[in-house]
Each structure stands twice: as C-alpha cells, then as structure tokens.
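Visitor: Before I ask anything, let me first share the structure, which is written out below as structure tokens.
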Amino acid sequence: MEAKLAFSQDSPPISIICAAKFVGLPLTIDPAGSAPTLRFASGESLHGVNPILLYLASSASVSCFSGKNDIEFGHVVEWLEYAPTFLSGSEFENACSFVDGFLASRTFLVGHGLTIADIVVWSNLAGIGQRWESLRKSKKYQNLVRWFNSIASEYGDILNEVVVAYVGKRGIGKSPAPSLKEKVHDSKDPSAPEVDLPGAKVGKVCVRFAPEPSGYLHIGHAKAGLLNKYFAERYQGRLIVRFDDTNPSKESNEFVENVLKDIDTLGIKYDVVTYTSDYFPKLMEMAESLIKQGKAYVDDTPKEEMRKERMDGIESRCRNNTVEENLSLWKEMVNGTERGMQCCVRGKLDMQDPNKSLRDPVYYRCNTDPHHRVGSKYKVYPTYDFACPFVDALEGVTHALRSSEYHDRNAQYYRILQDMGLRRVEIYEFSRLNMVYTLLSKRKLLWFVQNKKVEDWTDPRFPTVQGIVRRGLKIEALIQFILQQGASKNLNLMEWDKLWTINKKIIDPVCARHTAVLKDQRVIFTLTNGPEKPFVRILPRHKKFEGAGKKATTFANRIWLDYADAAAISKGEEVTLMDWGNAIVKEIKVVSGVITELVGELHLEGSVKTTKLKITWLADIEELVPLSLVEFDYLISKKKLEEEDDFLENLNPCTRREIPALGDANMRNLKRGEIIQLERKGYYRCDAPFIRSSKPVVLFAIPDGRQQASLN
C-alpha cells in the first residue's frame, strides 16, 4: 500500500523514511507539512513519529520486527521513546554513553534479532552528521560503533540512500537548523510559547507577500517571503503574492517574471497572484470619495516646499480648498493635463502630529509613463501608503507582515483604513535583514546595473536571490540562514561568513573533487622513473560520496605543479603527490631566480605520513581544460553605511578578478551550475561549461565562511 508522508522540510523524519524503506512501503514525500503525518489512499492517516513507526513495525515482513512477544514489544516502545535523545545536543554524549554500556554484551537493542528499535536509533545517529562521524572514528564508544557498523554493513544499501538524500541537505557536520517554529519567539526561555499573530485563528489567517516589480528579489525580500510562508502554514491559512505595481516608471514585466521565478526558487507556495493595478478603478473611487468627505484634498505646492512644510508642521495653503475646487483639480489630474501634472492628492490627517507620517501624506500623484500591465490608460497612480491598506482590506488579508523600518508608518496605515471605513488589518513587525558590505536598496542596485558596474541583476556580486545562487549558494543554506534569524524584531547586521559556512556544510559532503594548476604560475616536474607511456586510472570524484561519480586520472612522467608548491620544496625532499604516492625531488632548476623545472623520481613505497607537503598535480597532456577562475569582492568598501553616507563615495575599486588555469580533462563534462571543489584551492560553481578548447570553462569561487582577502 502506497502512502504519502508529510513533514516540515526543516526537520525530515529520517527514522520514518529509513523504516519505510526497510519494510518496503513506497512513500510519496511532501516536505511542505508540519508534524510528520502518514496519509493513505483510503483517507486514513497517522500523526506523530512513534505511531507511524509502530505501524511500520507491525506491517513489516521481517520476523519479529516489533519484538517476538509482548515484553519485547514493550522494550521496542521504550527505545522509540528514547531515540530522540540523540537529537538533543546537550544530551547526545550521555545517550551515546548509555547505549554503549547497554550494548556491551548485546548484538541488538531488543532480544536476539533486528527490530525497528535498531533502525530508529541507527537512523537518528546517522542523521546527526559529522558529530557522530567524528565519534565513530574515535575509540570512545566501541560497543556502540560496533553495533552501528554491523547494521550499516548488513543493511547499508537500504539505509545509506536515505541518509545521503536527507542528511546532506541539512548539512553534514551540523545539527538540523532550528525551524522557524523554534526560532520565532523572542524569549530566551526555550519553553516560552511561540509568538502569535495577534487575533489569529487556525484556518482563518490570510497573509500577503507584496514585492514591488522594480527589481529582482534580494536576500531581504527572501526573509519577508519565508516568514509569510511560515505563518500561512502554521495557521493553515492563505498566502497571497501581490505585486505592488503603482510606479510605472520603475516597473516591468521582466521584474514580475523574475520575482515569480525567485519565489519558486525559495519554495514559497502561494494561493494566488494579484496586482495592485487590478484595483486601480476602486482606488480612484476611494480617493474621490475621501475628497468628497473632506478627508483628502488636492495640493499644487511644489515638492520641496511641501517637504519642508511637512517637516515644520505647516499647513498647505490648499488644505482648506472647497470640495468643488478639489474635485475640479482631481479631474485635471485624472486627465493628465498640464495643470493636473502640478498637483497631488493628500490625506487630511494631522499636520501637528509628532509622527510626521501622519502629516497629510500623499495619496495620489500624476505619472504619464505607460504601465507594464495597463499601458497608458491612467495618468494618476496611488502611493504605496494609500494603496496598501486598501488592497489588504479588500483581499481579506488578516495580518500584514512589515519590517520594523515601517514602524513609524503603522499609525498612518491604521488611520487611512479608518478614514476609508474599512476593517482593521493587524500589522506584525519583524526586523529587516541587513548584511555587512551590502546595499539592499533597489534604487542603488539599479545604479550598478545601469552604470555597467555589474553584468545584470543576476551578477554574483549582487545580494539578489539569483545573484547569490549564481555565486554558488544552495537555496537550502539561504533558508536555514533566514530561519535561524526567526521573526525577531531586533535590528541586526549579519555577516556573510555565517551564511557561507552553512553553505559549505551542505556542499562539501557531496560535491565532486577536481584538480587545477594556475596557467601562468606552474612548473614542470619530470619523474625520471615515471611511466614511459601515460596511463589512466578511474578514481572516485569524491572519496566519501559515491553519488559524485568517477573520473579518469592520467599518470605520466611529466606533471605540472603550482609554482607556489614548487617554491616550497627543498632539494632532496620527499613529497606526496595526491592520489599517486611519494616522490623525491633530486634537482631544482632555476633561471634568473625563477624555478623552471623540478627533476625527481617516484618513491611509491614511501609513507605519506612522513611527508610535510601533499601536492596536487596534473599530467602534462594536451587534454587539459582551460579554466578561468573568477574571484569576487564586496561592491562597497564600508561595513555599514550610515544614513548620511553616500554609497558612491564608498565603492570598492576592484570587485572581480579572473585567473587563468588548467584543469583535469574530466572538467570538460561539467554542467552549468555544477558545484565542485578544486583540491587545495576551494569550492567553485561552473558558470560557463566547456564548449571548445579556445574558450575557457568559467568557474566562480564560492566563499567557505573563512575571512577572505580583499582583491584590492
């Protein structure tokens, strides 16, 4: 019987998936749920880890998989309840010690045969990743390791497939990232309740993610989108994606298409896509209604003068125009006449309010640029401050998530809703995500695009979703990073190193290994007793991950070394040639202080443990692949720009550097987007694959979380 397993993508229940694989139950995976739920075609379902595991145990064809009698069954249940202890960081070592002692004279956890208890404890240990792998290599818990290795040896074909699929995605070497459910509360008390949306009821919540189509989504937008996704799922509510397309001068269909692409990349599932422009007729009706009610007026005060009056709390001379005068000027605006172009509509709120956002904000302004959806139909467009609360109320939004930078405008939002006579929409604030050395203003990012300082919005130096993915960031790392921040309202300036460290833990266990030498900084090493003719061996692309595949490595009597390695070698020194063996350097040829050649002989019986240098190398053959290794630096030179700082005065003069190199012949098979590690050089993403020998393969360097040297 096939079944569907739903769970949160942040916490895959590896024990259930392993057990289902073991008993042969086909599963359809749905990582968009919350608590693990097993649903059958009949409509029946099971909720929670242990009920599902006990069902799997009872349905197994394996003899006594849930114990051979009631007493053993009771022990199986006890172990299922104990197994999650391994996933608690503070209790992990205590659990290992306890089970190690328990297995001192036992082969299995319950009775004399394999039970689901063994599978569950094994999968929980395997799911921990590097922390367990490090203990496994030590001699600390020999009984536990013996038991673990025995099951891995007997049933590894079944279990390892699950571990590779799910542990790798979480990041081997790191406990699973805390879900937003765990991080969303502000209290440091782990038992504190989650932060609730005010007045929220399960099944009745509606949230919206409302980007402006004036650029691509960046890492700050990603946080807003994922928080909306979280609350929609938590309250089993609706999520609307709404394009706030009220400024035709900045917006385009290109941006709409790419924002939707970015939303899909982030795994944000939504119920409907809407546009503020869908509501233009109703928004105009509302503006006219407010004018008629005396709650809005048309103002022709010059822009700079109006700004000064608002700052000083001075009422406009137009504030007390009659309704008839305002309606006449409104008609001029709607028709886009010369007179109308001098005007705007302002709300009549309170010019003396200490909160300056309430000092008669602008509701409508003229713009004759064609709109990307409705063309030149309109000559007037609503401001965000006017349109947002109106459309939120009309679309049934119950909670509007806004970053705390809008805090002073919350009172304005509620006042405008009140004047419109619409229902209240609750605002929930979260802190804006700020990154060091990074601009997140779309206006400033557009400057870089228009002035050819970057390729486009997908440039790997950009903080856009497409930019950082092109740089080599896995989307799982971005999601982990953002969810670790939670819904805190505290302003924070985040380091990129933290994000790249998470990324490394995801890519390192699975990315293929290749070799390269710098084209302009290499030295030939002649091996006098090397093979007369080159020969090829098939080696794994990753020694610890079979899924990376194989590669063909050529061995020859002339090999290339990086100049830096050659310069570090002394005459008579024995070094290790990685994936081959040791060699002894007999001669170092130098011309004008520059090393031109090393001469030596293989010493394959030598011990790699005795050598100081472990060196990468490439056979001197025609099949080597030309590479361009591209490194990047931050676009701005100041860690945090203050409000008074001009970003143009803090531009980084050098943000991209290309280094020619030669790579092993296997690299002609790299695909665009593939991530690899160049041994002893770092991680790279293939941006332009092999086409012909005259055109290099382009590899973008991926930061690994360690402090990077500036390119300047």
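Letters A, B, ... go to the chains of the structure tokens in the order shown; residues in each chain start at 1; ligands are counted from 1 in the same order.
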Neighbours of Val517 of chain A within 7 Å (only C-alpha atoms; same-chain residues fewer than 3 positions away dropped), as a list in words?
Guide: Arg522, Leu561, Asp562, Ala661, Leu662 and Gly663 of chain A
Visitor: Taking 4 positions as the minimum chain separation for residues in the same chain, which residues sit within 6 Å of Gln236 of chain A when counting only C-alpha atoms? Answer as JSON, numbers by chain.
Guide: {"A": [202, 203, 232]}
Visitor: Export C-alpha atoms of the chosen residues as a PDB file, in the first residue's frame?
Guide:
```pdb
ATOM      1  CA  VAL A 202      -6.354  28.471  12.613  1.00  0.00           C
ATOM      2  CA  GLY A 203      -7.906  28.283   9.171  1.00  0.00           C
ATOM      3  CA  ALA A 232       0.384  30.793   6.393  1.00  0.00           C
TER       4      ALA A 232
END
```
Visitor: Would you pick out the contacts of Phe98 of chain A at 12 Å or less, using only C-alpha atoms, so that residues sharing its chain but fewer than 3 positions from it are not included, and give the list as JSON, numbers by chain?
Guide: {"A": [82, 83, 85, 86, 91, 92, 93, 94, 95, 101, 102, 103, 104, 109, 141, 143, 144]}
Visitor: Go ahead and save the picked residues with N, CA, C and O atoms, as a PDB file, in the first residue's frame.
Guide:
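Result file follows (part29.pdb):
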```pdb
ATOM      1  N   TYR A  82      13.034   6.711  23.584  1.00  0.00           N
ATOM      2  CA  TYR A  82      14.362   7.180  23.987  1.00  0.00           C
ATOM      3  C   TYR A  82      15.169   7.739  22.803  1.00  0.00           C
ATOM      4  O   TYR A  82      15.995   8.642  22.965  1.00  0.00           O
ATOM      5  N   ALA A  83      14.909   7.243  21.594  1.00  0.00           N
ATOM      6  CA  ALA A  83      15.733   7.565  20.425  1.00  0.00           C
ATOM      7  C   ALA A  83      15.917   9.059  20.183  1.00  0.00           C
ATOM      8  O   ALA A  83      17.019   9.502  19.814  1.00  0.00           O
ATOM      9  N   THR A  85      16.518  11.331  22.088  1.00  0.00           N
ATOM     10  CA  THR A  85      17.531  11.893  22.983  1.00  0.00           C
ATOM     11  C   THR A  85      18.823  12.188  22.232  1.00  0.00           C
ATOM     12  O   THR A  85      19.548  13.143  22.545  1.00  0.00           O
ATOM     13  N   PHE A  86      19.119  11.365  21.197  1.00  0.00           N
ATOM     14  CA  PHE A  86      20.345  11.578  20.428  1.00  0.00           C
ATOM     15  C   PHE A  86      20.316  12.910  19.675  1.00  0.00           C
ATOM     16  O   PHE A  86      21.358  13.461  19.347  1.00  0.00           O
ATOM     17  N   GLU A  91      22.323  16.362  25.357  1.00  0.00           N
ATOM     18  CA  GLU A  91      22.213  15.002  25.880  1.00  0.00           C
ATOM     19  C   GLU A  91      22.883  13.968  24.985  1.00  0.00           C
ATOM     20  O   GLU A  91      22.877  12.783  25.299  1.00  0.00           O
ATOM     21  N   PHE A  92      23.444  14.418  23.867  1.00  0.00           N
ATOM     22  CA  PHE A  92      23.964  13.483  22.884  1.00  0.00           C
ATOM     23  C   PHE A  92      25.022  12.541  23.465  1.00  0.00           C
ATOM     24  O   PHE A  92      24.940  11.324  23.332  1.00  0.00           O
ATOM     25  N   GLU A  93      26.018  13.113  24.134  1.00  0.00           N
ATOM     26  CA  GLU A  93      27.110  12.279  24.670  1.00  0.00           C
ATOM     27  C   GLU A  93      26.606  11.338  25.766  1.00  0.00           C
ATOM     28  O   GLU A  93      27.026  10.176  25.845  1.00  0.00           O
ATOM     29  N   ASN A  94      25.696  11.821  26.607  1.00  0.00           N
ATOM     30  CA  ASN A  94      25.131  10.955  27.650  1.00  0.00           C
ATOM     31  C   ASN A  94      24.393   9.777  27.036  1.00  0.00           C
ATOM     32  O   ASN A  94      24.483   8.638  27.516  1.00  0.00           O
ATOM     33  N   ALA A  95      23.659  10.060  25.948  1.00  0.00           N
ATOM     34  CA  ALA A  95      22.925   8.985  25.277  1.00  0.00           C
ATOM     35  C   ALA A  95      23.891   7.967  24.677  1.00  0.00           C
ATOM     36  O   ALA A  95      23.672   6.746  24.775  1.00  0.00           O
ATOM     37  N   GLY A 101      27.156   1.292  26.915  1.00  0.00           N
ATOM     38  CA  GLY A 101      27.169   0.348  28.035  1.00  0.00           C
ATOM     39  C   GLY A 101      26.130  -0.737  27.868  1.00  0.00           C
ATOM     40  O   GLY A 101      26.378  -1.920  28.167  1.00  0.00           O
ATOM     41  N   PHE A 102      24.956  -0.381  27.365  1.00  0.00           N
ATOM     42  CA  PHE A 102      23.867  -1.341  27.174  1.00  0.00           C
ATOM     43  C   PHE A 102      24.257  -2.421  26.165  1.00  0.00           C
ATOM     44  O   PHE A 102      23.870  -3.589  26.288  1.00  0.00           O
ATOM     45  N   LEU A 103      25.035  -2.036  25.149  1.00  0.00           N
ATOM     46  CA  LEU A 103      25.396  -2.977  24.076  1.00  0.00           C
ATOM     47  C   LEU A 103      26.673  -3.760  24.372  1.00  0.00           C
ATOM     48  O   LEU A 103      27.164  -4.487  23.507  1.00  0.00           O
ATOM     49  N   ALA A 104      27.194  -3.628  25.575  1.00  0.00           N
ATOM     50  CA  ALA A 104      28.461  -4.297  25.914  1.00  0.00           C
ATOM     51  C   ALA A 104      28.402  -5.799  25.656  1.00  0.00           C
ATOM     52  O   ALA A 104      29.377  -6.415  25.212  1.00  0.00           O
ATOM     53  N   LEU A 109      19.412  -4.159  20.127  1.00  0.00           N
ATOM     54  CA  LEU A 109      18.865  -3.411  21.249  1.00  0.00           C
ATOM     55  C   LEU A 109      17.790  -4.194  21.996  1.00  0.00           C
ATOM     56  O   LEU A 109      17.644  -4.073  23.213  1.00  0.00           O
ATOM     57  N   TYR A 141      33.390   5.031  22.093  1.00  0.00           N
ATOM     58  CA  TYR A 141      32.207   4.190  22.331  1.00  0.00           C
ATOM     59  C   TYR A 141      32.274   2.967  21.410  1.00  0.00           C
ATOM     60  O   TYR A 141      31.539   2.862  20.432  1.00  0.00           O
ATOM     61  N   ASN A 143      31.449  -0.234  21.707  1.00  0.00           N
ATOM     62  CA  ASN A 143      30.294  -1.128  21.551  1.00  0.00           C
ATOM     63  C   ASN A 143      29.228  -0.502  20.650  1.00  0.00           C
ATOM     64  O   ASN A 143      28.624  -1.172  19.804  1.00  0.00           O
ATOM     65  N   LEU A 144      29.010   0.775  20.852  1.00  0.00           N
ATOM     66  CA  LEU A 144      28.030   1.487  20.041  1.00  0.00           C
ATOM     67  C   LEU A 144      28.475   1.521  18.577  1.00  0.00           C
ATOM     68  O   LEU A 144      27.666   1.288  17.660  1.00  0.00           O
TER      69      LEU A 144
END
```
Visitor: Which residues are close to Pro653 of chain A, i.e. within 12 Å by only C-alpha atoms, leaving aside same-chain residues fewer than 5 positions away? Reply as a list of chain:residue names.
Guide: A:Lys453, A:Phe632, A:Asp633, A:Tyr634, A:Leu635, A:Ile636, A:Ser637, A:Leu648, A:Ser710, A:Leu711, A:Asn712
Visitor: Just list as a PyMOL selection string whatever in segment 354-602 of chain A DSSP marks as strand (DSSP E).
Guide: chain A and resi 362-366+380-382+399-403+426-430+433-435+492-494+512-514+516-518+522-527+535-540+550-555+558-562+574-577+581-591+594-602
Visitor: Just checking: using only C-alpha atoms, which residue out of A:Val585, A:Val256, A:Val323, A:Ala619 ends up closest to Asp244 of chain A?
Guide: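 For Asp244 of chain A, the nearest of the candidates is A:Val256.
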